Amino acid sequence: MNKTHGPAFKKAVIELDRCPACRGMAVIKGVFHEMACVQCNASGWVVAATGEALPVDELVTQLSLRLQAAQRQIEQLNKPALMGPAAQYQQNNRRGAGGTNYTGD
Ligand SMILES: [Zn+2]
């Protein structure tokens with residue numbers, strides 16, 4: 001394993017895992033109030049490989065990269081719904097199947 005110190009030319013995505021101490025919630029429920037989880041720098045995430053918290057400055061970048069990826073996914077998931085009648089038809093169809101009862105006659 002190569003340990004690279006100093007400035008990196010390109011930000012690498014570090015594999016993150018849910019913090020086991022707070023179970024990804026970033027806070028731990030105390031008796032009276034919630035406390036910031038120290039094990040993950042109150043982020044809810046730890047480095048998957050080591051199980052340790054990232055330094056805050058690195059953490060911000062990693063969370064940003066993760067959020068960007070998540071947003072791209074959300075946009076892709078939302079795309080079909082914005083594509084007009086076909087998507088709307090599917091939605092209506094799902095909702096209407098068995099739900100609408102017209103006894104007009
Ligand atoms: Zn935690």
# chains A, B, ... in the order shown; residues from 1 in each chain; ligands from 1
>>> residues_around(residues="A:Ile28", least_positions_apart="5", cutoff="10 Å", atoms="only C-alpha atoms", output="MDAnalysis selection string")
chainID A and resid 21:23 33:38 42 44
>>> closest_residue(among="A:Val47, A:Leu65, A:Leu77, A:Ala26", to="ligand 1", atoms="only C-alpha atoms and all ligand atoms")
A:Ala26
>>> select_by_dssp(residues="stretch 33-78 of chain A", states="strand (DSSP E or B)", output="ChimeraX atom specification")
/A:34-36,45-47
>>> atom_distance(atom1="atom 1 (Zn, counted along the ligand's line) of ligand 1", atom2="atom CA of A:Met25")
6.6 Å
>>> residues_around(residues="A:Glu15", least_positions_apart="6", cutoff="12 Å", atoms="only C-alpha atoms", output="list in words")
Trp45, Val46, Val47, Ala48, Ala49, Thr50, Gly51, Glu52, Ala53, Leu54, Leu59, Gln62, Leu63, Leu65 and Arg66 of chain A
>>> write_last_selection(atoms="N, CA and C atoms", output="mmCIF file, in the first residue's frame")
data_model
loop_
_atom_site.group_PDB
_atom_site.id
_atom_site.type_symbol
_atom_site.label_atom_id
_atom_site.label_comp_id
_atom_site.auth_asym_id
_atom_site.auth_seq_id
_atom_site.Cartn_x
_atom_site.Cartn_y
_atom_site.Cartn_z
ATOM 1 N N TRP A 45 -20.318 9.041 9.046
ATOM 2 C CA TRP A 45 -19.558 8.193 8.129
ATOM 3 C C TRP A 45 -18.136 7.968 8.634
ATOM 4 N N VAL A 46 -17.631 6.789 8.391
ATOM 5 C CA VAL A 46 -16.233 6.491 8.665
ATOM 6 C C VAL A 46 -15.618 5.890 7.405
ATOM 7 N N VAL A 47 -14.291 5.880 7.358
ATOM 8 C CA VAL A 47 -13.604 5.261 6.222
ATOM 9 C C VAL A 47 -13.857 3.758 6.252
ATOM 10 N N ALA A 48 -14.372 3.245 5.155
ATOM 11 C CA ALA A 48 -14.762 1.839 5.132
ATOM 12 C C ALA A 48 -13.582 0.929 5.411
ATOM 13 N N ALA A 49 -12.415 1.293 4.904
ATOM 14 C CA ALA A 49 -11.239 0.428 5.026
ATOM 15 C C ALA A 49 -10.732 0.346 6.459
ATOM 16 N N THR A 50 -10.779 1.469 7.168
ATOM 17 C CA THR A 50 -10.162 1.510 8.495
ATOM 18 C C THR A 50 -11.186 1.609 9.622
ATOM 19 N N GLY A 51 -12.386 2.060 9.308
ATOM 20 C CA GLY A 51 -13.386 2.258 10.338
ATOM 21 C C GLY A 51 -13.139 3.506 11.160
ATOM 22 N N GLU A 52 -12.238 4.357 10.672
ATOM 23 C CA GLU A 52 -11.916 5.576 11.415
ATOM 24 C C GLU A 52 -12.544 6.787 10.750
ATOM 25 N N ALA A 53 -12.677 7.848 11.541
ATOM 26 C CA ALA A 53 -13.239 9.077 11.004
ATOM 27 C C ALA A 53 -12.232 9.768 10.103
ATOM 28 N N LEU A 54 -12.739 10.439 9.088
ATOM 29 C CA LEU A 54 -11.878 11.272 8.258
ATOM 30 C C LEU A 54 -11.630 12.591 8.974
ATOM 31 N N LEU A 59 -13.177 15.267 5.101
ATOM 32 C CA LEU A 59 -14.548 14.793 5.218
ATOM 33 C C LEU A 59 -15.513 15.642 4.397
ATOM 34 N N GLN A 62 -15.229 14.704 0.793
ATOM 35 C CA GLN A 62 -15.772 13.380 0.528
ATOM 36 C C GLN A 62 -17.302 13.380 0.585
ATOM 37 N N LEU A 63 -17.836 14.108 1.540
ATOM 38 C CA LEU A 63 -19.297 14.187 1.640
ATOM 39 C C LEU A 63 -19.867 14.921 0.435
ATOM 40 N N LEU A 65 -18.529 14.969 -2.611
ATOM 41 C CA LEU A 65 -18.482 14.047 -3.743
ATOM 42 C C LEU A 65 -19.634 13.056 -3.663
ATOM 43 N N ARG A 66 -19.882 12.608 -2.456
ATOM 44 C CA ARG A 66 -20.958 11.643 -2.253
ATOM 45 C C ARG A 66 -22.325 12.256 -2.542
#
>>> atom_distance(atom1="atom CA of A:Thr61", atom2="atom CA of A:Ile74")
19.7 Å
